[in-house]
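Have a look at the structure below, then the notes.
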Amino acid sequence: MPSSDSEDFESADEGHSSPNKKERKKRLSSSNYSDNLELDHEPQKFQDQHSTTLKESTKKQANPEDGWDDFDIDEEATETVTEQKESHTSKQESTAKTGPTQSGWDDFGEWGDSKVNEESQDTMKHQKQEVSQPVTDHPAPQPKSEGWGWGWGVDSLLSTATAGISNLTTQVSQGISTVLETGIGAPDPEELARISVKNNDSKPKSAESEEIENTEAKSDQNVNDGAFQFGSLFSGVTKFVETTGTKVIAGGLDTLETIGKKTMEVLQDGDPGLAKKRAMLGLDSGDKLVLSQVLREAKAKADEEDLMREAKREAKEVHYETLFDDFEGLVHLEALEMLSKQVSMRIDERLRNAAPDKRHDIKETLQQVAELCEMPEEEDDEEEQEEISEDTSKPDAFHERLQRATRDIGLKLQFQPLIKQYTEILTWFEETETDIAGKAIYKRAVSGLAQTTALCVELYHKTAEMLLVKNRRSTADEADALTQMTVVLTRHISDLATQFTEKLSGHPSESKEQINGYITNVFLEAGNSSKYIENAFQLTLPIIQIGAV
Amino acid sequence: MAYAYLFKYIIIGDTGVGKSCLLLQFTDKRFQPVHDLTIGVEFGARMITIDGKQIKLQIWDTAGQEAFRSITRSYYRGAAGALLVYDITRRDTFNHLTTWLEDARQHSNSNMVIMLIGNKSDLESRREVKKEEGEAFAREHGLVFMETSAKTAANVEEAFINTAKEIYEKIQEGVFDINNEANGIKIGPQHSNAGAGGAGGAGAGGAPPGGCC
């Protein structure tokens, strides 16, 4: 065919033709029809036959839509054809969407017009033949996996022999499949592009909207689609590569930005505005001028901070709650609380499960135990203290009282830590007889009270645990013992407080006001200690009670 | 002592597997071959640093004896981490792991990080439980595993600190609600003060006092 034909065809192109496309077209039109006649591969024959038919039918009815009529009245295997055609169209559609040759649509927007002539038909034919050529060069490649391509080709070609324009679709699409089969690894870009064009070419013929809808619905289920999926796969891949590329670049930029930001954050951490680092690197101009100034300021600031730190540290040192926590008082109290809660729940459960009449008894017993554990009035056991000989040392007397108080509890309680701590405090009193600062006495007082209290709470906690694993409970004795112990301990606390305040008031050198402030605080903390101890005792109550119910 | 966070740990496992020795080695860096039986629970605490933050580990070392079982169960609540210890020279202590694990899972919060520890790794000649068995058990139950020796201090630091790291990660991930003390995590006093003033200043301003106190 003369190349001018294709030029004519181009002119029908609504000016969408690009140089690229033009070249493609030229190449296509340069392929000789007669070449294909020599090919006597069977499918090829069919193809030729097809194209002839196609040409004839188009000649007869210049309007491509008539081709549909032909198709409709097709004698055989209409359904298969439809399906195949449908799947083609869907592929074509997807290809058309993504392909670089979208202008191809426009090529055929007017294809059904009177402009369409034989020449254009010929061009079409040439294109198709060009595409089919590779097949003949490599007959039936990879028959095992790709054989269906051929099988389908033969089938559909036979069945659609008179199918008019829709056949073109089939033809072209098959062309794609064959191209893909032969050059599956790396199809020539030009080839691919041409395929796209062809896909677009055939599109308008089946452009009835309803048809497209069907097409989309059915397209993925047909086994025969395989080949065409390659077609869409390639365009899909192209698109994918494009979008992925964009994403990768965008993502890479994002990452770089994040790294940059993070780096700045790290650099500025503890160094706002990078002032220090700039100074260090000598980046700030004229920093030498203010260096001494900077150093002076830094020193002043450091001194100030030191002072604040010192004040804070001292405040902390005499902070009762913190000290109590450091001596593990808080954690023992917490553990005792947990235990107490747990046991209370068990008592409640027993109450719930008991028969109504029994329930009353249990409640009564619980009440009795609670009464036993009520703290006696201050004066009650003055005489007991008298019994301990005056000769015994203070720690020993304290130990003696504790043992006496708890002798009936039926447990071996550990009082050593308390005694030891008391001894330490007494030793401290003796060793620091002379000119010690009032503040130091105060500090020691708070810390001593906090530690004693912590040890007391620990004692209750341990006692509670041991009571719970005790084999034989004697509730009345336990209640009495712990009540007595509480009395001894609270008295011990006030005793300690008294000794510390005596020490403070005997202090000559410091201002009266300051000393009085310390004394008030020591009594305050002693009251705090007693509260902790009584609280611990109350938490132990359910543990005593459960032994009775 | 000032800390950013406090984590509550519990140490559980059969009696005599070396729970108290592990604690002593971690807190005091010493080993005491003869130990009194633990009554109920004993405590230990140590400050560690993770991610530049001071973290106080408050360790609840429970009694392993059966008699204390019901008591120690009431201490599981509110633990952020647990060290489940067995003795590699006594198979029965390994066999009881399932019971301990059930106990722990039942009485503690579900996010608790559990570290399985095969202790006494220095007694290789008397080994009854292979390391692989410990590993398999840990894998099966989603625990972290380590063999330690409280005597030689091998892996003791790691056991406690790795557990803390995992808890810390969970905090960062938002798994632990640090404001709910039932999770075994408390925010340090300084931290909450700084937090009230302004979260922005807490990072730079809160750090220096932490270093000095």
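Ligands are numbered from 1 in the order shown, chains are lettered A, B, ... in the order of the structure tokens, and residues start at 1 in each chain.
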
Which residues of chain A come within 7 Å of chain B, and for each one, what is the closest pair of atoms and their distance in Å to one decimal, counting only C-alpha atoms, sorted by chain and residue number, as CSV?
residue,atom,partner,partner_atom,distance
A:Gly270,CA,B:Ala204,CA,5.4
A:Arg313,CA,B:Cys213,CA,6.6
A:Ala335,CA,B:Tyr75,CA,6.7
A:Met338,CA,B:Ser74,CA,6.4
A:Leu339,CA,B:Ser74,CA,6.2
A:Gln342,CA,B:Ser74,CA,6.6
A:Glu465,CA,B:Gly40,CA,5.8
A:Val469,CA,B:Ala67,CA,6.4

Would you save the residues from that selection as a PDB file, in the first residue's frame, using C-alpha atoms?
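Result file result-v1.pdb:
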ATOM      1  CA  GLY A 270      19.424  20.940  75.370  1.00  0.00           C
ATOM      2  CA  ARG A 313      18.594  18.495  98.282  1.00  0.00           C
ATOM      3  CA  ALA A 335       1.570  -4.369 100.461  1.00  0.00           C
ATOM      4  CA  MET A 338      -3.329  -5.122  99.386  1.00  0.00           C
ATOM      5  CA  LEU A 339      -3.332  -7.943 101.846  1.00  0.00           C
ATOM      6  CA  GLN A 342      -7.866  -9.207  99.879  1.00  0.00           C
ATOM      7  CA  GLU A 465       1.609 -12.275 106.639  1.00  0.00           C
ATOM      8  CA  VAL A 469      -0.114 -18.691 107.372  1.00  0.00           C
TER       9      VAL A 469
END

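Counting only C-alpha atoms, the residue from A:Ala397, A:Glu424, A:Tyr320, A:Leu504 that sits nearest to A:Gly527 is A:Tyr320.
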
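In this model, the gap between atom CA of A:Lys262 and atom CA of B:Gln172 comes to 17.6 Å.
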
Give me every alpha helix (DSSP H) residue in stretch 32-72 of chain B, going by DSSP on the backbone, as a ChimeraX atom specification. /B:69-72

What's the 6 Å shell around stretch 321-331 of chain A, counting only C-alpha atoms, without same-chain residues fewer than 3 positions away, as a PyMOL selection string? chain A and resi 334+450-451+454

For the residues in the current selection, export all heavy atoms as a compact mmCIF listing (two decimals), in the first residue's frame.
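Wrote it out as selection-v3.txt, contents follow:
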# COMPACT_ATOMS: atom_id res chain seq x y z
N GLU A 334 1.78 -0.27 101.37
CA GLU A 334 1.02 -0.62 100.16
C GLU A 334 0.73 -2.13 100.15
O GLU A 334 -0.40 -2.54 99.87
CB GLU A 334 1.86 -0.23 98.93
CG GLU A 334 1.09 -0.27 97.63
CD GLU A 334 1.98 0.00 96.42
OE1 GLU A 334 3.00 0.69 96.59
OE2 GLU A 334 1.64 -0.50 95.34
N ALA A 450 11.15 8.93 110.50
CA ALA A 450 10.68 8.28 109.27
C ALA A 450 11.13 6.82 109.22
O ALA A 450 10.36 5.93 108.86
CB ALA A 450 11.21 9.03 108.06
N GLN A 451 12.37 6.59 109.61
CA GLN A 451 12.88 5.22 109.55
C GLN A 451 12.18 4.33 110.57
O GLN A 451 11.81 3.20 110.26
CB GLN A 451 14.39 5.21 109.79
CG GLN A 451 14.99 3.86 109.44
CD GLN A 451 16.50 3.80 109.65
OE1 GLN A 451 17.10 4.75 110.16
NE2 GLN A 451 17.08 2.68 109.24
N ALA A 454 8.82 3.52 109.29
CA ALA A 454 8.89 2.54 108.21
C ALA A 454 9.09 1.14 108.77
O ALA A 454 8.44 0.18 108.33
CB ALA A 454 10.03 2.90 107.26

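Those residues in stretch 127-187 of chain B carrying a DSSP assignment of strand (DSSP E), computed from the backbone, are B:Val144, B:Phe145, B:Met146, B:Glu147, B:Ile185, B:Lys186, B:Ile187.
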
List the neighbours of B:Glu102 out to 12 Å using only C-alpha atoms; skip same-chain residues closer than 4 positions along the sequence, and give me the result as number ranges by chain. B: 12-13, 73, 76, 84, 96-98, 106-108, 110, 114, 141

For B:Thr49: contacts at 9 Å, only C-alpha atoms, fewer than 6 positions along chain excluded, given as a PyMOL selection string: chain B and resi 55-56+161

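By chain and then residue number, the residues within 10 Å of B:Asn162 are Ile50, Met115, Val144, Val156, Glu157, Ile167 and Tyr168 of chain B, counting only C-alpha atoms and disregarding those fewer than 5 positions away in sequence.
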